[in-house]
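K.L.:
Take a look at target-v3.txt, compact mmCIF, C-alpha atoms:
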```txt
# COMPACT_ATOMS: atom_id res chain seq x y z
CA MET A 22 86.14 114.24 76.77
CA SER A 23 87.15 111.21 74.79
CA GLU A 24 84.56 108.65 73.77
CA PRO A 25 85.94 105.64 75.72
CA ALA A 26 86.11 107.67 78.93
CA LEU A 27 82.41 108.43 78.60
CA LYS A 28 81.27 104.94 77.58
CA THR A 29 83.41 102.72 79.83
CA GLN A 30 81.43 101.53 82.83
CA THR A 31 82.99 100.25 86.02
CA THR A 32 81.92 97.00 87.66
CA ALA A 33 79.94 98.84 90.30
CA SER A 34 77.94 100.91 87.84
CA ARG A 35 76.01 103.32 90.00
CA GLN A 36 74.11 106.17 88.46
CA PRO A 37 75.28 109.51 89.87
CA SER A 38 72.59 111.76 91.20
CA GLY A 39 72.13 115.46 91.74
CA PRO A 40 74.74 117.98 90.56
CA LEU A 41 77.14 115.26 89.40
CA GLN A 42 74.52 113.81 87.06
CA ASP A 43 73.77 117.30 85.68
CA TRP A 44 77.48 117.93 85.21
CA LEU A 45 77.97 114.62 83.39
CA ALA A 46 74.95 115.26 81.17
CA THR A 47 76.34 118.69 80.26
CA LEU A 48 79.71 117.14 79.44
CA SER A 49 78.00 114.57 77.22
CA ARG A 50 76.18 117.30 75.32
CA ILE A 51 79.40 119.31 74.88
CA ASP A 52 81.22 116.22 73.60
CA ALA A 53 78.37 115.35 71.21
CA ALA A 54 78.41 118.90 69.84
CA ASP A 55 82.20 118.75 69.37
CA GLN A 56 81.90 115.44 67.54
CA ALA A 57 79.10 116.76 65.33
CA ARG A 58 81.24 119.74 64.34
CA ALA A 59 84.28 117.56 63.68
CA ALA A 60 82.41 114.84 61.74
CA PRO A 61 82.76 115.09 57.95
CA ALA A 62 79.74 115.18 55.68
CA PRO A 63 78.27 111.72 54.83
CA SER A 64 79.71 111.86 51.30
CA GLN A 65 83.21 112.53 52.67
CA ARG A 66 83.26 109.71 55.25
CA ARG A 67 85.45 106.69 54.77
CA PRO A 68 83.67 103.33 54.89
CA ALA A 69 84.08 100.97 57.87
CA GLU A 70 86.49 103.14 59.82
CA THR A 71 87.23 101.76 63.29
CA PRO A 72 87.70 104.18 66.17
CA PRO A 73 91.26 104.32 67.51
CA ALA A 74 92.10 103.15 71.03
CA TRP A 75 91.74 105.75 73.76
CA GLU A 76 94.60 108.19 74.03
CA PRO A 77 94.87 111.31 76.16
CA ARG A 78 93.99 114.43 74.24
CA ILE A 79 96.68 117.07 73.79
CA VAL A 80 95.54 120.65 73.45
CA VAL A 81 97.83 122.73 71.22
CA PRO A 82 97.68 126.49 71.83
CA ASN A 83 96.94 128.75 68.85
CA GLU A 84 99.58 131.27 69.81
CA PRO A 85 103.18 130.77 70.92
CA ALA A 86 103.48 130.42 74.68
CA PRO A 87 104.21 133.70 76.50
CA LEU A 88 107.48 134.23 78.30
CA PRO A 89 107.60 132.97 81.91
CA GLU A 90 107.87 136.55 83.18
CA ALA A 91 104.46 137.49 81.77
CA GLU A 92 102.17 134.96 83.47
CA ALA A 93 98.85 136.40 82.43
CA PRO A 94 95.59 134.43 82.48
CA PRO A 95 94.61 132.96 79.09
CA ALA A 96 92.70 135.19 76.73
CA ALA A 97 88.92 134.87 76.68
CA GLY A 98 89.00 133.47 73.13
CA ALA A 99 91.61 130.74 73.88
CA GLU A 100 89.17 127.89 73.27
CA PRO A 101 87.54 127.60 76.72
CA ASP A 102 85.49 124.62 75.50
CA ASP A 103 88.63 122.52 74.95
CA LEU A 104 90.06 123.59 78.28
CA ALA A 105 86.78 122.88 80.10
CA ALA A 106 86.45 119.49 78.42
CA LEU A 107 90.04 118.63 79.26
CA MET A 108 89.57 119.67 82.89
CA ALA A 109 86.34 117.68 83.08
CA GLU A 110 88.04 114.62 81.62
CA ASN A 111 90.86 115.01 84.13
CA MET A 112 88.35 115.24 87.00
CA MET A 113 86.51 112.14 85.75
CA LEU A 114 89.74 110.15 85.49
CA LYS A 115 90.82 111.23 88.97
CA ALA A 116 87.42 110.21 90.38
CA ARG A 117 87.66 106.81 88.67
CA LEU A 118 91.18 106.37 90.02
CA ARG A 119 89.98 107.12 93.58
CA GLN A 120 87.15 104.65 93.09
CA GLU A 121 89.53 101.95 91.86
CA HIS A 122 91.84 102.58 94.83
CA GLY A 123 88.84 102.14 97.13
CA ARG A 124 87.95 98.87 95.45
CA TYR A 125 91.55 97.70 95.69
CA ASP A 126 91.58 98.47 99.43
CA GLU A 127 88.28 96.60 99.89
CA LEU A 128 89.66 93.62 97.98
CA GLN A 129 92.80 93.57 100.13
CA ALA A 130 90.67 93.65 103.30
CA MET A 131 88.51 90.77 102.02
CA LEU A 132 91.59 88.71 101.14
CA ALA A 133 93.13 89.37 104.56
CA ASP A 134 89.92 88.18 106.26
CA GLU A 135 89.85 85.04 104.12
CA LEU A 136 93.52 84.32 104.90
CA ARG A 137 92.88 84.74 108.64
CA SER A 138 89.92 82.39 108.42
CA LEU A 139 91.93 79.82 106.48
CA ARG A 140 94.85 80.09 108.90
CA ALA A 141 92.49 79.51 111.86
CA HIS A 142 90.97 76.47 110.13
CA VAL A 143 94.42 74.99 109.41
CA GLN A 144 95.48 75.62 113.02
CA ASN A 145 92.34 73.79 114.24
CA GLU A 146 93.16 70.83 112.00
CA VAL A 147 96.78 70.74 113.22
CA ASP A 148 95.60 70.85 116.85
CA ARG A 149 93.17 68.02 116.17
CA ALA A 150 95.94 65.96 114.55
CA GLU A 151 98.13 66.56 117.62
CA GLU A 152 95.31 65.33 119.88
CA LEU A 153 94.93 62.20 117.74
CA ARG A 154 98.68 61.59 117.87
CA ALA A 155 98.69 61.94 121.66
CA GLU A 156 95.73 59.54 121.92
CA ARG A 157 97.50 57.06 119.63
CA ASP A 158 100.63 57.24 121.79
CA LEU A 159 98.52 56.63 124.91
CA TRP A 160 96.88 53.56 123.37
CA MET A 161 100.25 52.22 122.20
CA ALA A 162 101.63 52.62 125.72
CA ARG A 163 98.61 50.82 127.20
CA ALA A 164 98.89 47.98 124.67
CA GLU A 165 102.60 47.63 125.44
CA ALA A 166 101.89 47.57 129.18
CA LEU A 167 99.23 44.89 128.72
CA ALA A 168 101.45 42.79 126.43
CA GLN A 169 104.54 42.98 128.63
CA PRO A 170 103.51 40.09 130.94
CA LEU A 171 103.08 37.86 127.92
CA PHE A 172 106.77 38.18 127.05
CA GLN A 173 108.13 37.77 130.62
CA PRO A 174 109.74 34.42 131.43
CA ARG A 175 107.59 32.23 133.72
CA ARG A 176 108.84 31.29 137.11
```
Any chance you could give the structure as C-alpha cells?
P.N.:
Amino acid sequence: MSEPALKTQTTASRQPSGPLQDWLATLSRIDAADQARAAPAPSQRRPAETPPAWEPRIVVPNEPAPLPEAEAPPAAGAEPDDLAALMAENMMLKARLRQEHGRYDELQAMLADELRSLRAHVQNEVDRAEELRAERDLWMARAEALAQPLFQPRR
C-alpha cells in the first residue's frame, strides 16, 4: 500500500476496532517490510529527497500474459505479497470512497434542512410585511375618512 494512503487521515478520524484494526496493522507491517527491502543502504541514499505525490501502483507481471484460452490461476510464486497489498489498497480506497459518499449525503441533508429553515423564516417575514401593509392601508383609509369632512364645502 502506498505511503499517503496509509498516513492520510479523514476528518472523522475514528480508530477501527477488532478484525479491521488487526488487518490494518498487518498491512502496515507488510508495507514497512517492503519499504525496508526497497530502501538503499545509508551510503547510497541521495540527500534531501522528497517523496513523490501519491500515484496508483502498477504491478508488472514477471512472465508474459497467458493466452485468453488458458485462464489458469496465477502461479504460487507470482508475488502474492504485491497482489495482496494491491488488493488491500483497493479495499481501503473503496472503503474511504464509501465513507466520503456518506459524508456527502449527510452534508446534502444538512444543507436541505438549513434551506427549509431559511425559507420558512423568509416566508414569516413576508407574511409579517403583508400584515403591516394591510394595517397601513387600514389606517390610511381611516385618516382619509376622518379628513373628508374638512374638505367638504360648508352649507
K.L.:
In Å to one decimal, how far is atom CA of Arg154 of chain A from atom CA of Ala141 of chain A?
P.N.:
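Atom-to-atom, atom CA of Ala141 of chain A and atom CA of Arg154 of chain A are spaced 19.9 Å apart.
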K.L.:
In Å, with one decimal, what is the gap from atom CA of Pro77 of chain A to atom CA of Leu48 of chain A?
P.N.:
16.6 Å
K.L.:
Tell me which protein, DNA and RNA residues are within 12 Å of Met108 of chain A, counting all atoms listed in the file, leaving out same-chain ones fewer than 4 positions away, and put them as a ChimeraX atom specification.
P.N.:
/A:22-23,48,77-80,101-104,112-115
K.L.:
What is the distance, in Å and to one decimal place, between atom CA of Ala116 of chain A and atom CA of Asp43 of chain A?
P.N.:
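According to the coordinates, atom CA of Ala116 of chain A and atom CA of Asp43 of chain A are separated by 16.1 Å.
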